[in-house]
$ cat start.txt   # compact mmCIF, C-alpha atoms
# COMPACT_ATOMS: atom_id res chain seq x y z
CA MET A 1 0.00 0.00 0.00
CA LYS A 2 1.08 3.57 -0.72
CA LYS A 3 0.68 6.64 1.41
CA TRP A 4 -2.87 8.07 1.16
CA ASP A 5 -4.31 4.74 0.05
CA LEU A 6 -7.24 3.38 2.05
CA CYS A 7 -5.94 0.98 4.70
CA VAL A 8 -8.98 -1.20 4.07
CA PRO A 9 -9.88 -1.41 0.35
CA PHE A 10 -13.18 0.28 -0.49
CA ASP A 11 -14.91 -2.92 -1.62
CA THR A 12 -13.90 -4.94 1.47
CA LYS A 13 -16.80 -6.47 3.38
CA LEU A 14 -16.58 -5.91 7.11
CA SER A 15 -19.67 -7.82 8.19
CA ARG A 16 -17.65 -10.15 10.42
CA SER A 17 -15.90 -7.35 12.28
CA ARG A 18 -17.20 -5.99 15.57
CA TRP A 19 -16.50 -2.76 17.42
CA SER A 20 -17.26 -2.24 21.09
CA LEU A 21 -16.39 0.60 23.42
CA HIS A 22 -16.10 0.69 27.20
CA THR A 23 -16.16 4.45 27.78
CA ASN A 24 -17.71 5.24 31.14
CA VAL A 25 -20.29 7.72 29.83
CA GLY A 26 -21.95 7.74 33.26
CA VAL A 27 -18.85 8.97 35.09
CA VAL A 28 -20.41 12.33 36.02
CA ASP A 29 -23.50 10.71 37.52
CA GLU A 30 -21.28 8.28 39.44
CA LEU A 31 -19.21 11.10 40.92
CA LYS A 32 -22.28 13.08 41.93
CA SER A 33 -23.96 10.03 43.46
CA LYS A 34 -20.96 8.89 45.49
CA LEU A 35 -19.47 12.21 46.63
CA MET A 36 -21.00 14.63 49.10
CA ASP A 37 -21.59 18.24 48.04
CA GLU A 38 -18.41 19.43 49.78
CA GLN A 39 -16.38 16.71 48.05
CA ILE A 40 -17.87 17.65 44.68
CA GLN A 41 -16.78 21.24 45.28
CA MET A 42 -13.27 19.97 46.01
CA PHE A 43 -13.32 18.08 42.70
CA ARG A 44 -14.34 21.33 40.99
CA LYS A 45 -11.07 22.89 42.13
CA THR A 46 -8.98 20.28 40.27
CA CYS A 47 -7.73 20.32 36.67
CA PHE A 48 -10.55 17.90 35.78
CA SER A 49 -13.33 20.15 37.08
CA TYR A 50 -14.89 20.93 33.70
CA PHE A 51 -15.75 17.26 33.17
CA LEU A 52 -18.40 17.62 35.89
CA ASP A 53 -20.38 19.68 33.39
CA LEU A 54 -20.09 17.07 30.66
CA PRO A 55 -23.49 16.66 28.95
CA PRO A 56 -24.99 13.20 28.43
CA VAL A 57 -22.87 11.22 25.97
CA VAL A 58 -24.16 8.70 23.45
CA VAL A 59 -21.47 6.63 21.74
CA GLN A 60 -22.36 5.50 18.23
CA ASN A 61 -20.21 2.47 17.54
CA GLN A 62 -21.35 2.26 13.90
CA VAL A 63 -19.93 5.72 13.15
CA ILE A 64 -16.58 4.88 14.72
CA ARG A 65 -16.45 1.58 12.85
CA PHE A 66 -17.16 3.40 9.58
CA LEU A 67 -14.38 5.93 10.25
CA MET A 68 -12.00 3.05 10.93
CA SER A 69 -12.81 1.62 7.51
CA ARG A 70 -11.96 4.97 5.87
CA GLU A 71 -8.48 5.33 7.39
CA LEU A 72 -5.64 6.31 5.06
CA VAL A 73 -2.13 4.87 5.02
CA GLN A 74 0.31 7.20 6.80
CA ASP A 75 3.95 7.22 7.90
CA SER A 76 3.01 8.47 11.37
CA GLU A 77 1.40 6.12 13.87
CA GLU A 78 0.09 9.07 15.90
CA ASP A 79 -2.11 10.74 13.29
CA PHE A 80 -5.42 9.28 12.21
CA TYR A 81 -6.41 10.32 8.68
CA VAL A 82 -9.70 9.41 7.04
CA LYS A 83 -11.21 10.18 3.66
CA ILE A 84 -14.90 11.12 3.64
CA ASN A 85 -16.64 12.28 0.46
CA HIS A 86 -13.32 13.17 -1.19
CA SER A 87 -12.24 15.22 1.85
CA ILE A 88 -9.27 14.23 4.01
CA LEU A 89 -9.72 14.73 7.76
CA CYS A 90 -7.05 14.39 10.45
CA PHE A 91 -7.28 13.52 14.12
CA GLY A 92 -4.01 13.95 16.01
CA ILE A 93 -2.70 15.30 19.31
CA ARG A 94 -3.68 18.86 18.38
CA GLU A 95 -7.29 17.94 17.65
CA PHE A 96 -7.38 15.78 20.78
CA ALA A 97 -6.18 18.70 22.92
CA ILE A 98 -8.83 21.04 21.48
CA ILE A 99 -11.65 18.56 22.10
CA PHE A 100 -10.67 17.25 25.55
CA GLY A 101 -8.87 20.25 27.03
CA LEU A 102 -6.27 18.08 28.76
CA ARG A 103 -2.71 19.26 29.17
CA CYS A 104 -0.66 17.86 26.27
CA VAL A 105 2.67 19.61 26.93
CA GLY A 106 5.27 18.18 29.27
CA GLU A 107 7.46 15.18 29.93
CA VAL A 108 6.14 11.79 30.99
CA ASN A 109 8.71 10.09 33.20
CA ASP A 110 9.33 6.35 33.31
CA GLU A 111 7.21 4.31 35.74
CA GLY A 112 10.33 3.49 37.79
CA THR A 113 10.61 7.15 38.75
CA TYR A 114 7.63 6.71 41.05
CA SER A 115 8.70 3.61 43.00
CA GLY A 116 8.56 3.54 46.80
CA SER A 117 5.91 3.83 49.47
CA ASN A 118 2.79 5.91 48.96
CA ARG A 119 0.50 7.06 51.78
CA LEU A 120 -2.75 6.72 49.82
CA LYS A 121 -1.92 3.25 48.55
CA ASP A 122 -0.48 2.07 51.88
CA ALA A 123 -3.49 3.36 53.84
CA TYR A 124 -6.24 1.87 51.68
CA PHE A 125 -4.61 -1.03 49.87
CA PRO A 126 -1.90 -2.23 52.28
CA ASP A 127 -2.05 -5.87 51.17
CA ARG A 128 -1.92 -5.15 47.46
CA ASP A 129 1.35 -4.97 45.60
CA ARG A 130 -0.77 -4.07 42.58
CA LEU A 131 -4.34 -2.81 42.50
CA SER A 132 -6.48 -3.83 39.53
CA LYS A 133 -8.74 -1.35 37.78
CA ASP A 134 -11.69 -3.63 38.58
CA ASP A 135 -10.91 -3.59 42.33
CA LEU A 136 -10.45 0.18 42.23
CA ILE A 137 -13.94 0.56 40.77
CA ASP A 138 -15.42 -1.65 43.52
CA TYR A 139 -13.61 0.39 46.17
CA PHE A 140 -14.91 3.68 44.79
CA MET A 141 -18.49 2.43 44.42
CA ALA A 142 -18.42 1.28 48.07
CA LYS A 143 -17.21 4.75 49.20
CA ARG A 144 -14.41 3.30 51.30
CA TRP A 145 -12.60 6.42 52.43
CA GLN A 146 -11.95 8.01 55.78
CA SER A 147 -11.78 11.72 54.97
CA ASP A 148 -12.89 14.26 52.41
CA ASN A 149 -9.35 14.59 51.07
CA ASP A 150 -9.04 10.85 50.58
CA ALA A 151 -12.52 10.73 49.02
CA LEU A 152 -11.27 13.24 46.46
CA LYS A 153 -8.05 11.35 45.81
CA ILE A 154 -9.69 7.95 45.36
CA SER A 155 -12.33 9.57 43.15
CA LEU A 156 -9.59 11.13 41.02
CA VAL A 157 -7.82 7.81 40.53
CA ASN A 158 -11.15 6.19 39.68
CA PHE A 159 -11.99 9.00 37.24
CA ILE A 160 -8.63 8.65 35.51
CA TYR A 161 -8.97 4.88 35.06
CA THR A 162 -12.67 4.58 34.26
CA PHE A 163 -12.97 7.64 32.02
CA LEU A 164 -9.62 8.95 30.80
CA PHE A 165 -8.17 5.43 30.52
CA SER A 166 -11.44 3.75 29.67
CA THR A 167 -9.79 1.95 26.74
CA ILE A 168 -7.64 -0.24 28.98
CA SER A 169 -8.89 -3.55 30.35
CA LYS A 170 -10.44 -3.87 33.81
CA ARG A 171 -7.79 -6.53 34.42
CA SER A 172 -5.04 -3.92 34.10
CA PHE A 173 -3.42 -2.38 37.16
CA VAL A 174 -3.24 1.13 38.60
CA SER A 175 0.29 2.40 38.15
CA ASN A 176 2.52 3.65 40.95
CA ARG A 177 2.91 6.82 38.91
CA ASP A 178 -0.75 7.71 39.22
CA PHE A 179 -0.91 6.99 42.95
CA PHE A 180 2.14 9.24 43.37
CA LEU A 181 0.73 12.04 41.22
CA ILE A 182 -2.60 12.07 43.06
CA GLU A 183 -1.12 11.84 46.56
CA SER A 184 1.50 14.53 45.89
CA GLY A 185 -0.82 16.89 44.01
CA LYS A 186 1.49 16.88 41.00
CA TYR A 187 -1.31 15.51 38.85
CA GLU A 188 -2.38 19.13 38.27
CA GLN A 189 0.69 19.78 36.08
CA PHE A 190 0.97 16.31 34.57
CA PRO A 191 0.45 16.07 30.77
CA TRP A 192 -2.54 13.72 30.94
CA GLY A 193 -3.37 14.54 27.33
CA ASN A 194 -0.18 12.86 26.13
CA VAL A 195 -0.73 9.54 27.89
CA VAL A 196 -4.49 9.44 27.25
CA PHE A 197 -3.97 10.17 23.56
CA GLN A 198 -1.36 7.40 23.31
CA ALA A 199 -3.74 4.95 25.02
CA LEU A 200 -6.55 5.96 22.65
CA ILE A 201 -4.43 5.64 19.52
CA GLY A 202 -3.09 2.29 20.73
CA SER A 203 -6.63 1.03 21.17
CA VAL A 204 -7.60 2.24 17.71
CA ARG A 205 -4.58 0.55 16.15
CA ASN A 206 -5.46 -2.74 17.84
CA LYS A 207 -9.02 -2.52 16.55
CA PHE A 208 -7.73 -1.74 13.08
CA ARG A 209 -5.47 -4.79 13.07
CA PHE A 210 -8.53 -6.88 13.94
CA ILE A 211 -10.48 -5.40 11.04
CA LYS A 212 -7.61 -6.21 8.67
CA GLU A 213 -7.45 -9.79 9.91
CA VAL A 214 -11.18 -10.52 9.47
CA SER A 215 -11.65 -8.58 6.25

$ encode --input "start.txt" --output "structure tokens"
Amino acid sequence: MKKWDLCVPFDTKLSRSRWSLHTNVGVVDELKSKLMDEQIQMFRKTCFSYFLDLPPVVVQNQVIRFLMSRELVQDSEEDFYVKINHSILCFGIREFAIIFGLRCVGEVNDEGTYSGSNRLKDAYFPDRDRLSKDDLIDYFMAKRWQSDNDALKISLVNFIYTFLFSTISKRSFVSNRDFFLIESGKYEQFPWGNVVFQALIGSVRNKFRFIKEVS
């Protein structure tokens, strides 16, 4: 294939392919149902505050699947180009930043940078070397916290993994980096846009490989 060719030939039948999403579109309702008014106001003072005003979201899997079938061959793995009605559209880090408003400028350090003890993790998950995303969700839904500050911090970790990182499996684990960032308060300056965009593009690429295999 050459650059600007369709990745999936136009006449390819995709009837056997399936697309499913696991975006937590109810994240705002969950936050408002589990947090007290004072805790919600604390959340509104964070860098993720504007998500509390997110309107109801309806994900149309058919549209996303169609866009996947219109992707164009590119040299870059981080830009998603599609051709619709003879027009070429691009979705990259710039477009992602405009839509989501997350910080996309800054350095993302290696996971090993954040090794060591962590008060939040040690206090609430002392017997867990690694905490799964699934267990984190259960913990949040049960409101197992001992103070308003910890309610905010656990809610932030849950928000990051069930909404921002909704593309990753529930069997994945919460990283030491994210516990450190939330506990230290450094999450406010962290370039979440960079890591969320990479996770999104990685998920799209995996779905595209599946489409190629079944087409």

$ closest_atom_pairs --input "start.txt" --of "range 93-175 of chain A" --to "range 75-86 of chain A" --cutoff "10 Å" --atoms "only C-alpha atoms" --output "CSV"
residue,atom,partner,partner_atom,distance
A:Ile93,CA,A:Asp79,CA,7.6
A:Arg94,CA,A:Asp79,CA,9.7
A:Glu95,CA,A:Asp79,CA,9.9

$ residues_around --input "start.txt" --residues "range 51-61 of chain A" --least-positions-apart "2" --cutoff "9 Å" --atoms "only C-alpha atoms" --output "list in words"
Trp19, Ser20, Leu21, Thr23, Val25, Gly26, Val27, Val28, Asp29, Leu31, Lys32, Ile40, Phe43, Arg44, Phe48, Ser49, Val63, Ile64, Arg65 and Phe66 of chain A

$ atom_distance --input "start.txt" --atom1 "CA of Gln146 in chain A" --atom2 "CA of Cys47 in chain A"
23.1 Å

$ atom_distance --input "start.txt" --atom1 "CA of Glu30 in chain A" --atom2 "CA of Phe140 in chain A"
9.5 Å

$ residues_around --input "start.txt" --residues "Gln74 in chain A" --least-positions-apart "5" --cutoff "10 Å" --atoms "only C-alpha atoms" --output "VMD selection string"
chain A and resid 1 to 7 79 to 81

$ closest_residue --input "start.txt" --among "A:Thr167, A:Thr162, A:Asn194, A:Ser115" --to "Phe180 in chain A" --atoms "all atoms listed in the file"
A:Ser115

$ closest_residue --input "start.txt" --among "A:Phe91, A:Glu107, A:Ser172, A:Glu38" --to "Ile201 in chain A" --atoms "only C-alpha atoms"
A:Phe91

$ closest_residue --input "start.txt" --among "A:Leu120, A:Val73, A:Ile182, A:Val204" --to "Trp145 in chain A" --atoms "only C-alpha atoms"
A:Leu120

$ atom_distance --input "start.txt" --atom1 "CA of Val174 in chain A" --atom2 "CA of Phe100 in chain A"
22.0 Å

$ closest_residue --input "start.txt" --among "A:Gln198, A:Asp135, A:Ser166, A:Met141" --to "Ser33 in chain A" --atoms "only C-alpha atoms"
A:Met141

$ closest_residue --input "start.txt" --among "A:Ile137, A:Val157, A:Leu102, A:Met68" --to "Gly185 in chain A" --atoms "all atoms listed in the file"
A:Val157

$ build_atoms --input "start.txt" --residues "range 145-167 of chain A" --atoms "N, CA and C atoms" --output "compact mmCIF listing (two decimals), in the coordinates of the input"
# COMPACT_ATOMS: atom_id res chain seq x y z
N TRP A 145 -13.62 5.43 52.09
CA TRP A 145 -12.60 6.42 52.43
C TRP A 145 -12.89 6.99 53.80
N GLN A 146 -11.85 7.59 54.39
CA GLN A 146 -11.95 8.01 55.78
C GLN A 146 -11.92 9.52 55.97
N SER A 147 -11.79 10.26 54.88
CA SER A 147 -11.78 11.72 54.97
C SER A 147 -12.19 12.31 53.64
N ASP A 148 -12.52 13.59 53.65
CA ASP A 148 -12.89 14.26 52.41
C ASP A 148 -11.73 14.29 51.43
N ASN A 149 -10.53 14.54 51.94
CA ASN A 149 -9.35 14.59 51.07
C ASN A 149 -9.11 13.25 50.39
N ASP A 150 -9.26 12.17 51.16
CA ASP A 150 -9.04 10.85 50.58
C ASP A 150 -10.19 10.48 49.64
N ALA A 151 -11.40 10.95 49.93
CA ALA A 151 -12.52 10.73 49.02
C ALA A 151 -12.21 11.36 47.67
N LEU A 152 -11.65 12.56 47.70
CA LEU A 152 -11.27 13.24 46.46
C LEU A 152 -10.19 12.46 45.73
N LYS A 153 -9.18 12.02 46.46
CA LYS A 153 -8.05 11.35 45.81
C LYS A 153 -8.46 10.02 45.18
N ILE A 154 -9.24 9.23 45.90
CA ILE A 154 -9.69 7.95 45.36
C ILE A 154 -10.63 8.19 44.17
N SER A 155 -11.44 9.23 44.26
CA SER A 155 -12.33 9.57 43.15
C SER A 155 -11.53 10.00 41.92
N LEU A 156 -10.43 10.71 42.14
CA LEU A 156 -9.59 11.13 41.02
C LEU A 156 -8.94 9.94 40.34
N VAL A 157 -8.43 9.00 41.13
CA VAL A 157 -7.82 7.81 40.53
C VAL A 157 -8.88 7.03 39.76
N ASN A 158 -10.06 6.90 40.35
CA ASN A 158 -11.15 6.19 39.68
C ASN A 158 -11.55 6.89 38.38
N PHE A 159 -11.64 8.22 38.42
CA PHE A 159 -11.99 9.00 37.24
C PHE A 159 -10.96 8.79 36.13
N ILE A 160 -9.70 8.82 36.50
CA ILE A 160 -8.63 8.65 35.51
C ILE A 160 -8.72 7.28 34.83
N TYR A 161 -9.00 6.24 35.62
CA TYR A 161 -8.97 4.88 35.06
C TYR A 161 -10.28 4.44 34.44
N THR A 162 -11.40 5.01 34.85
CA THR A 162 -12.67 4.58 34.26
C THR A 162 -13.14 5.50 33.14
N PHE A 163 -12.57 6.71 33.07
CA PHE A 163 -12.97 7.64 32.02
C PHE A 163 -11.81 7.98 31.10
N LEU A 164 -10.75 8.58 31.65
CA LEU A 164 -9.62 8.95 30.80
C LEU A 164 -8.96 7.72 30.18
N PHE A 165 -8.78 6.67 31.00
CA PHE A 165 -8.17 5.43 30.52
C PHE A 165 -9.22 4.34 30.33
N SER A 166 -10.35 4.72 29.82
CA SER A 166 -11.44 3.75 29.67
C SER A 166 -11.13 2.68 28.64
N THR A 167 -10.12 2.92 27.78
CA THR A 167 -9.79 1.95 26.74
C THR A 167 -9.02 0.75 27.28
